[in-house]
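Dumped target31.cif below, it's mmCIF, C-alpha atoms and all ligand atoms:
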```cif
data_entry
loop_
_atom_site.label_atom_id
_atom_site.label_comp_id
_atom_site.auth_asym_id
_atom_site.auth_seq_id
_atom_site.Cartn_x
_atom_site.Cartn_y
_atom_site.Cartn_z
CA MET A 1 235.82 -5.70 -71.98
CA LYS A 2 237.32 -2.43 -70.78
CA CYS A 3 238.42 -1.24 -67.37
CA ARG A 4 235.83 1.06 -65.79
CA VAL A 5 238.54 3.44 -64.64
CA CYS A 6 241.21 3.69 -67.36
CA LYS A 7 239.41 2.05 -70.32
CA GLY A 8 242.42 -0.25 -70.76
CA LYS A 9 242.03 -4.01 -71.24
CA ALA A 10 240.07 -5.49 -68.34
CA ALA A 11 241.29 -8.59 -66.50
CA ILE A 12 238.15 -9.27 -64.44
CA LYS A 13 234.48 -8.54 -64.72
CA ILE A 14 232.35 -8.16 -61.58
CA ARG A 15 228.75 -8.55 -62.57
CA ARG A 16 227.23 -7.41 -59.29
CA HIS A 17 228.99 -4.06 -59.68
CA ASN A 18 228.31 -4.06 -63.41
CA ALA A 19 231.98 -3.24 -63.87
CA ALA A 20 235.26 -4.62 -65.22
CA PHE A 21 238.77 -3.67 -64.15
CA CYS A 22 242.36 -3.90 -65.37
CA PRO A 23 244.80 -5.51 -62.88
CA GLU A 24 245.87 -2.20 -61.37
CA HIS A 25 242.37 -0.83 -60.89
CA PHE A 26 240.99 -4.15 -59.69
CA THR A 27 243.65 -4.12 -56.95
CA GLU A 28 242.59 -0.58 -56.04
CA HIS A 29 238.94 -1.64 -56.07
CA ALA A 30 239.59 -4.62 -53.76
CA ILE A 31 241.55 -2.46 -51.31
CA ARG A 32 238.73 0.12 -51.30
CA GLN A 33 236.16 -2.60 -50.58
CA VAL A 34 238.12 -3.71 -47.50
CA GLU A 35 238.59 -0.10 -46.40
CA LYS A 36 234.85 0.50 -46.76
CA ALA A 37 233.93 -2.62 -44.76
CA ILE A 38 236.30 -1.58 -41.94
CA LYS A 39 234.85 1.94 -41.89
CA ASP A 40 231.15 1.04 -42.28
CA PHE A 41 231.24 -1.46 -39.44
CA ASP A 42 233.78 0.41 -37.33
CA MET A 43 235.94 -2.72 -37.17
CA ILE A 44 239.32 -1.35 -36.15
CA LYS A 45 240.24 1.45 -33.78
CA PRO A 46 243.46 3.47 -34.07
CA GLY A 47 246.34 1.72 -32.32
CA ASP A 48 244.59 -1.68 -32.19
CA ARG A 49 246.97 -4.64 -32.10
CA LEU A 50 245.67 -7.07 -34.72
CA LEU A 51 246.13 -10.81 -35.11
CA LEU A 52 245.04 -12.45 -38.38
CA GLY A 53 244.23 -16.15 -38.63
CA VAL A 54 246.01 -17.30 -41.80
CA SER A 55 245.37 -20.63 -43.49
CA GLY A 56 247.60 -20.36 -46.56
CA GLY A 57 244.53 -19.97 -48.77
CA LYS A 58 243.63 -17.05 -51.02
CA ASP A 59 241.38 -15.19 -48.58
CA SER A 60 243.64 -14.80 -45.57
CA LEU A 61 246.76 -14.05 -47.65
CA ALA A 62 244.92 -11.49 -49.82
CA LEU A 63 243.59 -9.89 -46.63
CA TRP A 64 247.03 -9.77 -45.00
CA ASP A 65 248.39 -8.06 -48.12
CA ILE A 66 245.52 -5.56 -48.30
CA LEU A 67 245.65 -4.66 -44.60
CA THR A 68 249.40 -4.13 -44.86
CA LYS A 69 248.90 -1.87 -47.89
CA LEU A 70 246.30 0.07 -45.91
CA GLY A 71 248.96 0.69 -43.27
CA TYR A 72 247.75 -1.65 -40.52
CA GLY A 73 250.35 -3.60 -38.56
CA VAL A 74 249.00 -7.14 -38.51
CA ASP A 75 250.63 -10.28 -37.12
CA GLY A 76 249.56 -13.69 -38.41
CA VAL A 77 248.87 -17.00 -36.72
CA TYR A 78 248.78 -20.32 -38.55
CA LEU A 79 247.25 -23.41 -36.98
CA GLU A 80 249.00 -26.63 -37.93
CA LEU A 81 246.06 -29.04 -37.94
CA GLY A 82 247.89 -32.15 -39.13
CA ILE A 83 245.76 -32.65 -42.24
CA GLY A 84 247.50 -34.89 -44.74
CA GLY A 85 246.49 -35.11 -48.31
CA VAL A 86 245.77 -36.88 -51.49
CA ASP A 87 248.78 -38.50 -53.22
CA ASP A 88 251.92 -36.56 -52.29
CA HIS A 89 250.19 -33.31 -51.44
CA ALA A 90 250.56 -32.81 -47.68
CA TYR A 91 247.82 -30.22 -47.21
CA SER A 92 248.81 -28.70 -43.85
CA ASP A 93 252.55 -28.64 -44.66
CA VAL A 94 252.01 -26.97 -48.01
CA SER A 95 249.56 -24.44 -46.55
CA ARG A 96 251.99 -23.57 -43.76
CA ARG A 97 254.81 -23.03 -46.25
CA TYR A 98 252.70 -20.53 -48.24
CA CYS A 99 252.11 -18.56 -45.03
CA GLU A 100 255.79 -18.69 -44.04
CA THR A 101 256.95 -17.55 -47.47
CA PHE A 102 254.39 -14.74 -47.56
CA ALA A 103 255.38 -13.51 -44.08
CA SER A 104 259.14 -13.77 -44.55
CA ASN A 105 259.04 -11.99 -47.95
CA ARG A 106 257.35 -9.03 -46.28
CA GLY A 107 259.05 -9.12 -42.89
CA LEU A 108 255.76 -9.90 -41.11
CA LYS A 109 255.43 -11.78 -37.86
CA LEU A 110 253.87 -15.25 -38.08
CA GLU A 111 253.17 -17.52 -35.14
CA ILE A 112 252.66 -21.24 -35.74
CA VAL A 113 250.48 -23.18 -33.30
CA ASP A 114 250.82 -26.92 -33.73
CA LEU A 115 247.66 -28.69 -32.57
CA SER A 116 249.45 -31.99 -32.08
CA THR A 117 252.39 -30.65 -30.06
CA ARG A 118 250.30 -28.23 -28.01
CA TYR A 119 247.15 -30.30 -27.45
CA GLY A 120 248.16 -33.83 -28.35
CA PHE A 121 245.92 -34.59 -31.34
CA THR A 122 245.36 -33.72 -34.99
CA ILE A 123 242.06 -32.98 -36.76
CA PRO A 124 241.96 -36.36 -38.59
CA GLU A 125 242.51 -38.15 -35.25
CA ALA A 126 239.82 -36.09 -33.51
CA ALA A 127 237.34 -36.70 -36.35
CA THR A 128 237.94 -40.47 -36.25
CA GLN A 129 237.74 -40.75 -32.48
CA THR A 130 234.61 -38.60 -32.06
CA LYS A 131 232.96 -39.88 -35.29
CA ARG A 132 232.15 -36.27 -36.09
CA VAL A 133 232.38 -34.49 -39.44
CA PRO A 134 236.01 -33.20 -39.66
CA CYS A 135 234.89 -29.61 -40.28
CA SER A 136 232.96 -29.56 -37.04
CA VAL A 137 235.97 -30.52 -34.85
CA CYS A 138 238.17 -28.35 -37.06
CA GLY A 139 235.88 -25.31 -36.69
CA LEU A 140 235.58 -25.59 -32.93
CA SER A 141 239.35 -26.11 -32.52
CA LYS A 142 240.15 -23.11 -34.72
CA ARG A 143 237.74 -20.82 -32.85
CA TYR A 144 239.20 -21.86 -29.51
CA ILE A 145 242.89 -21.76 -30.42
CA LEU A 146 242.69 -18.47 -32.33
CA ASN A 147 240.91 -16.83 -29.40
CA GLN A 148 243.54 -18.24 -27.03
CA ALA A 149 246.41 -17.05 -29.28
CA ALA A 150 244.91 -13.54 -29.36
CA LEU A 151 244.45 -13.54 -25.57
CA ASP A 152 248.00 -14.82 -24.98
CA GLY A 153 249.48 -12.20 -27.32
CA LYS A 154 247.35 -9.41 -25.75
CA TYR A 155 245.85 -8.46 -29.11
CA ASP A 156 242.85 -6.13 -29.36
CA ALA A 157 241.16 -7.94 -32.23
CA LEU A 158 241.26 -11.17 -34.12
CA VAL A 159 240.95 -10.65 -37.87
CA MET A 160 239.33 -13.40 -39.92
CA GLY A 161 239.45 -13.97 -43.67
CA HIS A 162 235.78 -14.86 -44.20
CA ASN A 163 234.57 -13.49 -47.52
CA LEU A 164 231.15 -12.61 -48.94
CA ASP A 165 230.53 -16.20 -50.13
CA ASP A 166 231.43 -17.66 -46.72
CA GLU A 167 229.20 -15.29 -44.80
CA ALA A 168 226.25 -15.58 -47.21
CA ALA A 169 226.52 -19.40 -47.09
CA THR A 170 226.60 -19.43 -43.28
CA LEU A 171 223.58 -17.15 -43.11
CA MET A 172 221.70 -19.25 -45.66
CA GLY A 173 222.45 -22.47 -43.72
CA ASN A 174 221.23 -20.94 -40.48
CA VAL A 175 218.13 -19.37 -42.03
CA LEU A 176 217.11 -22.66 -43.65
CA GLN A 177 217.18 -24.26 -40.18
CA TRP A 178 216.04 -21.12 -38.33
CA ASN A 179 218.99 -21.43 -35.98
CA THR A 180 218.11 -18.11 -34.37
CA GLU A 181 220.94 -18.22 -31.84
CA TYR A 182 223.55 -18.60 -34.59
CA ILE A 183 221.81 -16.05 -36.79
CA GLY A 184 221.99 -13.55 -33.90
CA ARG A 185 225.72 -14.12 -33.64
CA GLN A 186 226.45 -13.50 -37.32
CA HIS A 187 228.02 -10.09 -37.73
CA PRO A 188 231.26 -8.75 -39.27
CA VAL A 189 232.19 -7.43 -35.82
CA LEU A 190 231.74 -9.58 -32.74
CA SER A 191 232.49 -7.48 -29.68
CA ALA A 192 234.92 -8.58 -27.02
CA SER A 193 233.30 -9.96 -23.90
CA LYS A 194 234.58 -9.36 -20.38
CA ASP A 195 234.88 -13.10 -19.87
CA GLY A 196 237.61 -13.57 -22.43
CA LEU A 197 236.24 -13.42 -25.96
CA ILE A 198 238.46 -11.30 -28.16
CA ARG A 199 236.78 -8.90 -30.63
CA LYS A 200 236.48 -10.61 -33.99
CA VAL A 201 236.35 -8.70 -37.27
CA LYS A 202 235.82 -9.77 -40.88
CA PRO A 203 237.05 -7.09 -43.28
CA LEU A 204 236.65 -9.26 -46.42
CA ILE A 205 232.86 -9.40 -46.38
CA ARG A 206 232.51 -7.12 -49.39
CA LEU A 207 234.72 -9.34 -51.59
CA ALA A 208 233.61 -12.61 -53.20
CA GLU A 209 235.73 -15.74 -53.37
CA ARG A 210 236.68 -15.33 -57.02
CA GLU A 211 237.77 -11.77 -56.28
CA THR A 212 240.20 -12.76 -53.51
CA ALA A 213 241.57 -15.45 -55.87
CA ALA A 214 241.94 -12.86 -58.65
CA TYR A 215 243.60 -10.47 -56.19
CA CYS A 216 246.23 -13.10 -55.32
CA VAL A 217 246.90 -14.02 -58.95
CA LEU A 218 247.14 -10.40 -60.10
CA ASN A 219 249.38 -9.46 -57.16
CA GLY A 220 251.76 -12.42 -57.38
CA ILE A 221 250.64 -14.04 -54.10
CA ASP A 222 251.13 -17.83 -54.09
CA TYR A 223 248.50 -19.69 -52.11
CA GLU A 224 247.21 -23.20 -51.47
CA VAL A 225 244.80 -23.86 -54.34
CA GLU A 226 243.87 -27.40 -53.32
CA GLU A 227 240.71 -27.88 -51.34
CA CYS A 228 241.09 -29.36 -47.85
CA PRO A 229 240.96 -33.17 -48.32
CA MET A 230 238.64 -33.50 -45.30
CA VAL A 231 235.93 -31.24 -46.70
CA GLU A 232 233.40 -34.06 -47.13
CA GLY A 233 230.31 -33.50 -45.00
CA ASN A 234 230.77 -29.71 -44.97
CA THR A 235 227.28 -28.33 -45.52
CA GLY A 236 228.57 -24.84 -46.30
CA ILE A 237 229.85 -26.10 -49.67
CA LYS A 238 226.32 -27.05 -50.75
CA MET A 239 225.02 -23.65 -49.67
CA LYS A 240 227.75 -22.00 -51.73
CA GLU A 241 226.78 -24.01 -54.82
CA TRP A 242 223.13 -22.99 -54.46
CA LEU A 243 224.03 -19.37 -53.91
CA ASN A 244 226.31 -19.46 -56.96
CA GLU A 245 223.40 -20.68 -59.09
CA LEU A 246 221.26 -17.86 -57.73
CA GLU A 247 224.03 -15.32 -58.32
CA ASP A 248 224.34 -16.51 -61.95
CA ARG A 249 220.72 -15.69 -62.57
CA ALA A 250 220.55 -12.59 -60.40
CA PRO A 251 223.97 -10.88 -60.03
CA GLY A 252 224.25 -9.25 -56.64
CA ALA A 253 221.88 -11.72 -54.93
CA LYS A 254 224.51 -12.83 -52.40
CA HIS A 255 225.41 -9.28 -51.49
CA ARG A 256 221.76 -8.23 -51.15
CA PHE A 257 220.99 -11.30 -49.02
CA LEU A 258 223.88 -10.73 -46.60
CA PHE A 259 223.88 -6.95 -46.44
CA GLY A 260 220.08 -6.75 -46.34
CA TYR A 261 220.25 -8.95 -43.28
CA LEU A 262 223.07 -6.96 -41.68
CA GLU A 263 221.54 -3.56 -42.35
CA ARG A 264 217.85 -4.25 -41.80
CA VAL A 265 217.27 -7.47 -39.88
CA SER A 266 220.21 -8.46 -37.68
CA ASP A 267 219.14 -6.28 -34.72
CA ARG A 268 216.02 -8.38 -34.30
CA PHE A 269 218.11 -11.47 -33.58
CA ALA A 270 220.67 -9.80 -31.35
CA THR A 271 218.76 -10.73 -28.18
CA GLU A 272 219.02 -14.43 -28.97
CA GLN A 273 222.52 -14.60 -27.46
CA PRO A 274 223.14 -17.30 -24.85
CA GLU A 275 224.60 -16.35 -21.45
CA LEU A 276 228.33 -17.05 -21.24
CA THR A 277 230.16 -18.42 -18.23
CA ILE A 278 233.79 -19.40 -17.69
CA CYS A 279 235.00 -22.90 -18.55
CA GLN A 280 235.98 -24.54 -15.27
CA SER A 281 238.91 -26.22 -16.93
CA CYS A 282 240.58 -23.55 -19.12
CA GLY A 283 238.92 -20.24 -18.27
CA GLN A 284 237.71 -19.45 -21.80
CA PRO A 285 234.08 -18.41 -22.22
CA THR A 286 231.48 -21.12 -22.72
CA THR A 287 227.77 -21.75 -22.41
CA GLY A 288 228.17 -24.84 -20.19
CA ALA A 289 230.43 -25.85 -17.31
CA THR A 290 233.25 -27.11 -19.55
CA CYS A 291 233.88 -25.66 -23.02
CA ALA A 292 233.54 -27.75 -26.18
CA PHE A 293 237.29 -27.72 -26.82
CA CYS A 294 238.16 -28.94 -23.31
CA ARG A 295 235.55 -31.69 -23.71
CA LEU A 296 237.21 -32.66 -26.99
CA GLU A 297 240.64 -32.66 -25.35
CA ILE A 298 239.38 -34.88 -22.51
CA ARG A 299 237.82 -37.26 -25.03
CA MET A 300 241.09 -37.45 -26.99
CA LYS A 301 243.02 -38.36 -23.85
CA SER A 302 240.64 -41.13 -22.78
FE1 LIG B 401 236.71 -28.80 -42.94
FE2 LIG B 401 239.16 -29.05 -43.81
S1 LIG B 401 238.34 -29.85 -42.01
S2 LIG B 401 237.51 -28.12 -44.80
ZN ZN B 402 242.30 0.35 -65.35
ZN ZN B 403 237.77 -24.99 -21.69
#
```

Would you mind writing the file's structure down as structure tokens?
Amino acid sequence: MKCRVCKGKAAIKIRRHNAAFCPEHFTEHAIRQVEKAIKDFDMIKPGDRLLLGVSGGKDSLALWDILTKLGYGVDGVYLELGIGGVDDHAYSDVSRRYCETFASNRGLKLEIVDLSTRYGFTIPEAATQTKRVPCSVCGLSKRYILNQAALDGKYDALVMGHNLDDEAATLMGNVLQWNTEYIGRQHPVLSASKDGLIRKVKPLIRLAERETAAYCVLNGIDYEVEECPMVEGNTGIKMKEWLNELEDRAPGAKHRFLFGYLERVSDRFATEQPELTICQSCGQPTTGATCAFCRLEIRMKS
């Protein structure tokens, strides 16, 4: 297996591009993919102040590295969710340390928001009390707190580390249920709204999960390799498994599914957006009188 560019020994093969790359040219390829996604979807404007949600996993750390190499100034925010672990592996602590090490080695700014200190509960506590799947309370808390952190810091855009597999799995899950409202909201750029939603961008959508992992390994980036111990009940994992089987048989299927939707179909769902109002309790945008996070907070205090 030879590198497409230099014909040296390849370290990774990417079937959907029908290409293999040596470490150096794979790194170049990954950076170009992010650059292309940013340009094609007009994600970032010159002078934008950017805040990246970092989890300590491969995607967000690879993205932070790539954006820095592309010359963007990006600050990071890590949410301490209070997720413990299996045996001695304290998931949240370990993940936070990977982010701190990454940021301090490169002189980057990292803000830590501790869910327990700031809001008085952890994700395991919220999941137990509400009897909801952990990922559902985790997802809604992350969306809320990241938006708030970006508003507080007066950032222009919130950068998220969702990759091709994540986005294809979300789309698949929503298509199988015909959740048209959610389908209409799926885009690599979600515009800011006047009522307090920060613009959200996803520059990793052209890179698959194994490629961000390979990027970290080949570029000496240490990341949390363990899966979140609370992942049970996450339907996205099933979708990913099915899409991986499909991809095995038809390389490029995930990319065609997601980008076919984005380029040819997404406009038709864009009108399915619900009207937003302001949460009477916190002032963040919501579809009801009180936003889902404030309702969760109230429930956790009762
Ligand atoms: Fe969903 Fe951790 S809470 S993966
Ligand atoms: Zn090469
Ligand atoms: Zn609220």

Can you find the residues with an atom no farther than 12 Å from (238.6, 0.2, -35.6), counting all atoms listed in the file, and report them as a tab-separated table (two decimals) with C-alpha atoms, in the coordinates of the input?
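And here is the file that came out, point.tsv:
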```
chain	number	residue	atom	x	y	z
A	35	GLU	CA	238.59	-0.10	-46.40
A	36	LYS	CA	234.85	0.50	-46.76
A	37	ALA	CA	233.93	-2.62	-44.76
A	38	ILE	CA	236.30	-1.58	-41.94
A	39	LYS	CA	234.85	1.94	-41.89
A	40	ASP	CA	231.15	1.04	-42.28
A	41	PHE	CA	231.24	-1.46	-39.44
A	42	ASP	CA	233.78	0.41	-37.33
A	43	MET	CA	235.94	-2.72	-37.17
A	44	ILE	CA	239.32	-1.35	-36.15
A	45	LYS	CA	240.24	1.45	-33.78
A	46	PRO	CA	243.46	3.47	-34.07
A	47	GLY	CA	246.34	1.72	-32.32
A	48	ASP	CA	244.59	-1.68	-32.19
A	49	ARG	CA	246.97	-4.64	-32.10
A	50	LEU	CA	245.67	-7.07	-34.72
A	72	TYR	CA	247.75	-1.65	-40.52
A	156	ASP	CA	242.85	-6.13	-29.36
A	157	ALA	CA	241.16	-7.94	-32.23
A	158	LEU	CA	241.26	-11.17	-34.12
A	159	VAL	CA	240.95	-10.65	-37.87
A	189	VAL	CA	232.19	-7.43	-35.82
A	191	SER	CA	232.49	-7.48	-29.68
A	199	ARG	CA	236.78	-8.90	-30.63
A	200	LYS	CA	236.48	-10.61	-33.99
A	201	VAL	CA	236.35	-8.70	-37.27
A	202	LYS	CA	235.82	-9.77	-40.88
A	203	PRO	CA	237.05	-7.09	-43.28
```

*asked:* Which residue is closest to ligand LIG 401 (chain B)? Choose from A:Ser281, A:Thr122, A:Asn163, A:Thr180 and count only C-alpha atoms and all ligand atoms.
replied: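 Going through A:Ser281, A:Thr122, A:Asn163, A:Thr180 one by one, the smallest distance to ligand LIG 401 (chain B) is for A:Thr122.
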
*With a distance cut-off of 9 Å and all atoms listed in the file, select the neighbouring residues of Ala213 (chain A), excluding the residue or stretch itself and same-chain residues fewer than 6 positions from it, and output the selection as a list in words.*
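The contact residues come out as Gly57, Lys58, Asp59, Ala62 and Tyr223 of chain A.
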
*asked:* Please find the residues contacting ligand LIG 401 (chain B) at a distance of at most 10 Å between atoms, with all atoms listed in the file counted, and report them as a list of chain:residue names.
replied: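 After applying the 10 Å limit, what remains is A:Leu81, A:Ile83, A:Tyr91, A:Ser92, A:Ile123, A:Pro124, A:Ala127, A:Val133, A:Pro134, A:Cys135, A:Ser136, A:Val137, A:Cys138, A:Gly139, A:Glu227, A:Cys228, A:Pro229, A:Met230, A:Val231, A:Glu232, A:Gly233, A:Asn234, A:Thr235, A:Gly236, A:Ile237.
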
Set out as a Markdown table a contact list for chain A and ligand ZN 402 (chain B) with a cut-off of 12 Å, giving each residue of chain A that qualifies its closest atom pair and distance in Å to one decimal, counting all atoms listed in the file, ordered by chain and rising residue number.
```
| residue | atom | partner | partner_atom | distance |
| --- | --- | --- | --- | --- |
| A:Met1 | CA | B:ZN402 | ZN | 11.1 |
| A:Lys2 | CA | B:ZN402 | ZN | 7.9 |
| A:Cys3 | CA | B:ZN402 | ZN | 4.7 |
| A:Arg4 | CA | B:ZN402 | ZN | 6.5 |
| A:Val5 | CA | B:ZN402 | ZN | 4.9 |
| A:Cys6 | CA | B:ZN402 | ZN | 4.0 |
| A:Lys7 | CA | B:ZN402 | ZN | 6.0 |
| A:Gly8 | CA | B:ZN402 | ZN | 5.4 |
| A:Lys9 | CA | B:ZN402 | ZN | 7.3 |
| A:Ala10 | CA | B:ZN402 | ZN | 6.9 |
| A:Ala11 | CA | B:ZN402 | ZN | 9.1 |
| A:Ile12 | CA | B:ZN402 | ZN | 10.5 |
| A:Lys13 | CA | B:ZN402 | ZN | 11.9 |
| A:Ala19 | CA | B:ZN402 | ZN | 11.0 |
| A:Ala20 | CA | B:ZN402 | ZN | 8.6 |
| A:Phe21 | CA | B:ZN402 | ZN | 5.5 |
| A:Cys22 | CA | B:ZN402 | ZN | 4.3 |
| A:Pro23 | CA | B:ZN402 | ZN | 6.8 |
| A:Glu24 | CA | B:ZN402 | ZN | 5.9 |
| A:His25 | CA | B:ZN402 | ZN | 4.6 |
| A:Phe26 | CA | B:ZN402 | ZN | 7.3 |
| A:Thr27 | CA | B:ZN402 | ZN | 9.6 |
| A:Glu28 | CA | B:ZN402 | ZN | 9.4 |
| A:His29 | CA | B:ZN402 | ZN | 10.1 |
```

*Between CA of Val34 (chain A) and CA of Ile205 (chain A), what is the distance, to one decimal in Å?*
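Computing the Euclidean distance for CA of Val34 (chain A) and CA of Ile205 (chain A) yields 7.8 Å.
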
_Neighbour list for Ala253 (chain A) as a VMD selection string, cut-off 9 Å, only C-alpha atoms, skip fewer than 6 positions in-chain_ = chain A and resid 16 243 246 to 247

_From the options A:Thr117, A:Phe293, A:Leu151, A:Tyr144, which residue's atoms come nearest to Ala192 (chain A), counting all atoms listed in the file?_
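Of the candidates, the smallest distance to Ala192 (chain A) is held by A:Leu151.
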
*Could you pull out the residues sitting within 7 Å of ligand ZN 403 (chain B), using all atoms listed in the file, and write them as a PyMOL selection string?*
chain A and resi 279-284+290-294

*Can you work out which one of A:Asp195, A:Asp166, A:Glu125, A:Glu80 has the shortest atom-to-atom distance to Val94 (chain A), counting all atoms listed in the file?*
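Of all the options, A:Glu80 lies closest to Val94 (chain A).
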
*Find the distance between CA of Gln186 (chain A) and CA of Val265 (chain A) and write it in Å to one decimal.*
11.3 Å
